[in-house]
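To be precise, the following lines are upload_4.cif, and they hold mmCIF, C-alpha atoms.
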data_model
loop_
_atom_site.group_PDB
_atom_site.id
_atom_site.type_symbol
_atom_site.label_atom_id
_atom_site.label_comp_id
_atom_site.auth_asym_id
_atom_site.auth_seq_id
_atom_site.Cartn_x
_atom_site.Cartn_y
_atom_site.Cartn_z
ATOM 1 C CA MET A 1 11.612 -19.486 -3.433
ATOM 2 C CA SER A 2 14.213 -19.963 -0.702
ATOM 3 C CA GLU A 3 14.331 -18.430 2.761
ATOM 4 C CA GLN A 4 16.799 -15.947 1.305
ATOM 5 C CA GLU A 5 14.199 -14.478 -1.053
ATOM 6 C CA LEU A 6 11.196 -12.242 -0.668
ATOM 7 C CA LYS A 7 8.422 -12.043 -3.253
ATOM 8 C CA ILE A 8 6.965 -8.539 -3.565
ATOM 9 C CA VAL A 9 4.160 -6.852 -5.465
ATOM 10 C CA VAL A 10 5.597 -3.704 -7.047
ATOM 11 C CA PHE A 11 3.520 -0.546 -7.418
ATOM 12 C CA ARG A 12 4.142 3.076 -8.315
ATOM 13 C CA LEU A 13 3.390 6.358 -6.555
ATOM 14 C CA LYS A 14 4.590 9.417 -8.464
ATOM 15 C CA ASP A 15 8.037 8.520 -9.816
ATOM 16 C CA GLU A 16 8.955 5.979 -7.134
ATOM 17 C CA GLU A 17 8.507 2.216 -7.077
ATOM 18 C CA TYR A 18 7.319 0.530 -3.884
ATOM 19 C CA GLY A 19 6.903 -3.045 -2.804
ATOM 20 C CA VAL A 20 4.778 -5.002 -0.363
ATOM 21 C CA ASN A 21 5.203 -8.632 0.587
ATOM 22 C CA VAL A 22 3.056 -10.750 -1.737
ATOM 23 C CA LEU A 23 1.845 -12.734 1.291
ATOM 24 C CA ASN A 24 -0.078 -9.621 2.426
ATOM 25 C CA VAL A 25 -1.700 -9.013 -0.980
ATOM 26 C CA LEU A 26 -5.121 -10.552 -1.600
ATOM 27 C CA SER A 27 -5.842 -9.021 -5.009
ATOM 28 C CA ILE A 28 -5.214 -6.081 -7.314
ATOM 29 C CA GLU A 29 -8.361 -4.358 -8.505
ATOM 30 C CA ARG A 30 -9.319 -1.664 -10.964
ATOM 31 C CA VAL A 31 -10.805 1.426 -9.351
ATOM 32 C CA SER A 32 -14.481 0.952 -8.564
ATOM 33 C CA PRO A 33 -16.977 3.241 -6.836
ATOM 34 C CA ILE A 34 -15.922 4.295 -3.335
ATOM 35 C CA THR A 35 -18.459 5.484 -0.764
ATOM 36 C CA ARG A 36 -17.153 8.349 1.380
ATOM 37 C CA VAL A 37 -17.368 7.808 5.137
ATOM 38 C CA PRO A 38 -17.752 10.871 7.384
ATOM 39 C CA LYS A 39 -15.396 11.579 10.301
ATOM 40 C CA THR A 40 -12.442 9.620 8.904
ATOM 41 C CA PRO A 41 -8.912 10.933 8.261
ATOM 42 C CA SER A 42 -8.416 12.683 4.909
ATOM 43 C CA PHE A 43 -6.325 9.815 3.522
ATOM 44 C CA VAL A 44 -9.282 7.434 3.987
ATOM 45 C CA LYS A 45 -11.227 7.692 0.756
ATOM 46 C CA GLY A 46 -14.134 5.585 2.024
ATOM 47 C CA VAL A 47 -15.286 2.014 1.551
ATOM 48 C CA MET A 48 -15.906 -0.155 -1.479
ATOM 49 C CA ASN A 49 -17.999 -3.263 -1.976
ATOM 50 C CA LEU A 50 -15.566 -5.953 -3.044
ATOM 51 C CA ARG A 51 -17.450 -9.133 -3.960
ATOM 52 C CA GLY A 52 -19.894 -8.553 -1.120
ATOM 53 C CA VAL A 53 -17.294 -7.484 1.460
ATOM 54 C CA VAL A 54 -17.194 -3.845 2.587
ATOM 55 C CA THR A 55 -13.519 -2.879 2.409
ATOM 56 C CA PRO A 56 -11.997 0.415 3.624
ATOM 57 C CA VAL A 57 -9.889 2.215 1.007
ATOM 58 C CA ILE A 58 -6.994 4.575 1.684
ATOM 59 C CA ASP A 59 -5.095 6.791 -0.743
ATOM 60 C CA LEU A 60 -1.389 6.107 -0.253
ATOM 61 C CA ARG A 61 -0.452 9.402 -1.938
ATOM 62 C CA SER A 62 -2.505 11.279 0.636
ATOM 63 C CA ARG A 63 -1.234 9.082 3.492
ATOM 64 C CA PHE A 64 2.354 9.912 2.565
ATOM 65 C CA GLY A 65 1.725 13.658 2.127
ATOM 66 C CA MET A 66 1.973 13.650 -1.674
ATOM 67 C CA GLU A 67 -0.346 15.660 -3.869
ATOM 68 C CA GLU A 68 -3.453 13.692 -4.782
ATOM 69 C CA LYS A 69 -4.068 12.586 -8.339
ATOM 70 C CA ASP A 70 -7.249 11.721 -10.192
ATOM 71 C CA ALA A 71 -7.631 8.059 -11.070
ATOM 72 C CA ASP A 72 -6.701 7.056 -14.607
ATOM 73 C CA ASP A 73 -6.492 3.793 -16.588
ATOM 74 C CA ASP A 74 -3.353 2.731 -14.681
ATOM 75 C CA THR A 75 -4.695 3.422 -11.171
ATOM 76 C CA ARG A 76 -5.191 0.287 -9.096
ATOM 77 C CA ILE A 77 -6.423 -0.641 -5.639
ATOM 78 C CA ILE A 78 -4.214 -3.234 -3.983
ATOM 79 C CA ILE A 79 -6.232 -5.225 -1.454
ATOM 80 C CA VAL A 80 -3.964 -6.152 1.450
ATOM 81 C CA ASN A 81 -4.485 -7.843 4.775
ATOM 82 C CA THR A 82 -2.889 -6.066 7.704
ATOM 83 C CA GLU A 83 -3.502 -6.781 11.383
ATOM 84 C CA GLY A 84 -6.281 -9.197 10.358
ATOM 85 C CA MET A 85 -8.234 -6.646 8.302
ATOM 86 C CA ASP A 86 -8.594 -6.229 4.549
ATOM 87 C CA VAL A 87 -7.779 -2.706 3.329
ATOM 88 C CA GLY A 88 -7.593 -1.254 -0.178
ATOM 89 C CA LEU A 89 -4.575 0.902 -1.079
ATOM 90 C CA ILE A 90 -4.984 3.297 -4.008
ATOM 91 C CA VAL A 91 -1.776 3.386 -6.075
ATOM 92 C CA ASP A 92 -0.810 4.986 -9.399
ATOM 93 C CA ALA A 93 -0.051 1.607 -10.999
ATOM 94 C CA ALA A 94 0.653 -1.979 -9.958
ATOM 95 C CA ASN A 95 2.625 -3.799 -12.554
ATOM 96 C CA ASP A 96 5.062 -6.405 -11.258
ATOM 97 C CA VAL A 97 5.668 -9.305 -8.935
ATOM 98 C CA LEU A 98 9.370 -9.778 -8.238
ATOM 99 C CA ASP A 99 11.589 -12.132 -6.272
ATOM 100 C CA LEU A 100 14.119 -10.145 -4.263
ATOM 101 C CA SER A 101 17.160 -11.618 -2.640
ATOM 102 C CA LEU A 102 17.284 -10.595 1.021
ATOM 103 C CA SER A 103 20.876 -9.490 0.359
ATOM 104 C CA ASP A 104 19.469 -6.824 -2.043
ATOM 105 C CA ILE A 105 17.558 -5.171 0.812
ATOM 106 C CA GLU A 106 19.258 -2.350 2.687
ATOM 107 C CA PRO A 107 18.150 -0.613 5.880
ATOM 108 C CA THR A 108 15.779 2.282 5.431
ATOM 109 C CA PRO A 109 17.317 5.734 5.092
ATOM 110 C CA GLU A 110 15.723 8.388 7.335
ATOM 111 C CA VAL A 111 13.610 9.626 4.441
ATOM 112 C CA ALA A 112 13.032 7.741 1.213
ATOM 113 C CA GLY A 113 11.018 9.392 -1.527
ATOM 114 C CA GLY A 114 9.928 12.014 1.018
ATOM 115 C CA ILE A 115 8.194 9.375 3.153
ATOM 116 C CA ASN A 116 8.645 9.005 6.895
ATOM 117 C CA ALA A 117 11.017 6.108 7.637
ATOM 118 C CA ARG A 118 8.591 4.532 10.122
ATOM 119 C CA TYR A 119 6.421 3.383 7.194
ATOM 120 C CA LEU A 120 9.329 1.620 5.520
ATOM 121 C CA ASP A 121 10.891 -1.810 5.855
ATOM 122 C CA GLY A 122 13.966 -1.170 3.745
ATOM 123 C CA VAL A 123 15.101 -0.270 0.263
ATOM 124 C CA ALA A 124 15.919 -2.882 -2.366
ATOM 125 C CA LYS A 125 18.124 -2.448 -5.406
ATOM 126 C CA MET A 126 17.720 -4.784 -8.350
ATOM 127 C CA ASP A 127 18.678 -4.452 -12.013
ATOM 128 C CA GLY A 128 19.212 -0.713 -11.685
ATOM 129 C CA ARG A 129 15.790 -0.205 -10.067
ATOM 130 C CA LEU A 130 15.131 0.986 -6.525
ATOM 131 C CA PHE A 131 12.149 -0.352 -4.558
ATOM 132 C CA ILE A 132 10.924 1.161 -1.302
ATOM 133 C CA LEU A 133 9.502 -1.649 0.847
ATOM 134 C CA LEU A 134 6.479 -0.747 2.981
ATOM 135 C CA ARG A 135 5.625 -1.893 6.493
ATOM 136 C CA LEU A 136 1.866 -2.292 6.265
ATOM 137 C CA ASP A 137 1.518 -2.488 10.044
ATOM 138 C CA LYS A 138 2.892 1.072 10.252
ATOM 139 C CA VAL A 139 1.102 2.517 7.211
ATOM 140 C CA LEU A 140 -2.039 1.811 9.231
ATOM 141 C CA ASP A 141 -1.569 1.399 12.953
ATOM 142 C CA LYS A 142 -3.882 -0.672 15.142
ATOM 143 C CA ASP A 143 -5.964 2.321 16.294
ATOM 144 C CA GLU A 144 -6.548 3.440 12.722
ATOM 145 C CA ILE A 145 -7.473 -0.110 11.711
ATOM 146 C CA MET A 146 -10.017 -0.274 14.531
ATOM 147 C CA GLU A 147 -11.423 3.070 13.376
ATOM 148 C CA LEU A 148 -11.631 1.818 9.785
ATOM 149 C CA GLN A 149 -13.280 -1.397 10.924
ATOM 150 C CA GLY A 150 -15.933 0.704 12.678
ATOM 151 C CA ALA A 151 -16.409 2.822 9.548
ATOM 152 C CA ALA A 152 -16.795 -0.307 7.396
ATOM 153 C CA ASP A 153 -19.309 -1.785 9.839
ATOM 154 C CA GLU A 154 -21.404 1.407 9.839
ATOM 155 C CA SER A 155 -21.761 1.640 6.072
#

Just give me the structure of the file as structure tokens.
Amino acid sequence: MSEQELKIVVFRLKDEEYGVNVLNVLSIERVSPITRVPKTPSFVKGVMNLRGVVTPVIDLRSRFGMEEKDADDDTRIIIVNTEGMDVGLIVDAANDVLDLSLSDIEPTPEVAGGINARYLDGVAKMDGRLFILLRLDKVLDKDEIMELQGAADES
């Protein structure tokens, strides 16, 4: 992989495909029991025990203002590291790792897929597919991460 390429993990929310830098992804997990934590934002589903580590879990549909959906056989939790903390992201499906050429990435439109542009790092077009690239540091800001860290420590 050259400096002109970016490797992304592709996942789906509703009818849109999204990508996050593979360097931020620790693992992709099937849905496992999540313990609800009181006094957290509605998009925080709770915490899960991932191989002995308590990991906060957020629902990206809820975070982005989409209608929530019950988990099914395709639902996955992508474990990412952002701002030094591991967080699980509930997605409809995670099914690809792709190499993107940086020249395929365009600046973010004001709204992409109905999602606020501040969460996005650009839009990539490849082989007739459109990928919305997420900025994990904006999906969860530092204050929210600190709050989640406290919630994980309490449970």

- Message: When the PyMOL selection byres ((chain A and resi 75) around 10) is applied to the structure above, which residues does it catch, written out as an MDAnalysis selection string?
- Response: chainID A and resid 11:13 29:31 69:74 76:78 90:94

- Task: May I have the residues within 8 Å of Asp99 of chain A as a PyMOL selection string, using only C-alpha atoms and disregarding those fewer than 6 positions away in the same chain?
- Result: chain A and resi 1+5-8

Store the residues picked out above, limited to C-alpha atoms, as a PDB file, in the coordinates of the input.
ATOM      1  CA  MET A   1      11.612 -19.486  -3.433  1.00  0.00           C
ATOM      2  CA  GLU A   5      14.199 -14.478  -1.053  1.00  0.00           C
ATOM      3  CA  LEU A   6      11.196 -12.242  -0.668  1.00  0.00           C
ATOM      4  CA  LYS A   7       8.422 -12.043  -3.253  1.00  0.00           C
ATOM      5  CA  ILE A   8       6.965  -8.539  -3.565  1.00  0.00           C
TER       6      ILE A   8
END

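Across A:Glu16, A:Asp127, A:Asp137, A:Glu106, the tightest approach to Met66 of chain A is made by A:Glu16 when counting all atoms listed in the file.
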
- Message: Under the PyMOL selection byres ((chain A and resi 33) around 12), which residues of this model are included? Write them out as a list in words.
- Response: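 Checking the PyMOL selection byres ((chain A and resi 33) around 12) against this file, the residues are Glu29, Arg30, Val31, Ser32, Ile34, Thr35, Arg36, Lys45, Gly46, Val47, Met48, Asn49, Leu50, Val54, Thr55, Pro56, Val57, Ala71 and Ile77 of chain A.
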
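The shortest atom-to-atom distance to Tyr18 of chain A, with all atoms listed in the file taken into account, belongs to A:Ala124 out of A:Ala124, A:Asp59, A:Lys138, A:Asp143.
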
List the residues matched by the PyMOL selection byres ((chain A and resi 123) around 9) in the displayed structure as a CSV table (one decimal) with C-alpha atoms, in the frame of the given file, ordered by chain and then by residue number.
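Listing of part00.csv after writing:
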chain,number,residue,atom,x,y,z
A,18,TYR,CA,7.3,0.5,-3.9
A,104,ASP,CA,19.5,-6.8,-2.0
A,105,ILE,CA,17.6,-5.2,0.8
A,106,GLU,CA,19.3,-2.4,2.7
A,107,PRO,CA,18.2,-0.6,5.9
A,108,THR,CA,15.8,2.3,5.4
A,109,PRO,CA,17.3,5.7,5.1
A,112,ALA,CA,13.0,7.7,1.2
A,120,LEU,CA,9.3,1.6,5.5
A,121,ASP,CA,10.9,-1.8,5.9
A,122,GLY,CA,14.0,-1.2,3.7
A,124,ALA,CA,15.9,-2.9,-2.4
A,125,LYS,CA,18.1,-2.4,-5.4
A,130,LEU,CA,15.1,1.0,-6.5
A,131,PHE,CA,12.1,-0.4,-4.6
A,132,ILE,CA,10.9,1.2,-1.3
A,133,LEU,CA,9.5,-1.6,0.8

- Separation of atom CA of Arg129 of chain A and atom CA of Asp86 of chain A, in Å?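 So the two atoms, atom CA of Arg129 of chain A and atom CA of Asp86 of chain A, lie 29.1 Å apart.
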
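Picture a line from atom CA of Val80 of chain A to atom CA of Phe64 of chain A; it runs 17.3 Å.
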
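Closest to Lys14 of chain A among A:Val37, A:Ser27, A:Val44, A:Glu67 is A:Glu67, based on all atoms listed in the file.
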
- For Ile79 of chain A, which of A:Ile28, A:Val20, A:Val97, A:Val9 is the closest residue, counting all atoms listed in the file? A:Ile28

- Point-to-point distance from atom CA of Gly65 of chain A to atom CA of Pro38 of chain A, Å rounded to tenths: 20.4 Å

- Message: For a cutoff of 9 Å around the file-coordinate point (0.9, -3.6, 4.6), which residues qualify once you count all atoms listed in the file? I'd like the result as a PyMOL selection string.
- Response: chain A and resi 20-21+24-25+80-83+87+134-140

- Message: Applying 8 Å and all atoms listed in the file, which residues near Ser62 of chain A remain after dropping the ones on its own chain fewer than 6 positions away? List them as a ChimeraX atom specification.
- Response: /A:42-43,68

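Using only C-alpha atoms, the shortest contact distance between Tyr119 of chain A and any of A:Arg63, A:Gly84, A:Ser101, A:Leu89 is found at A:Arg63.
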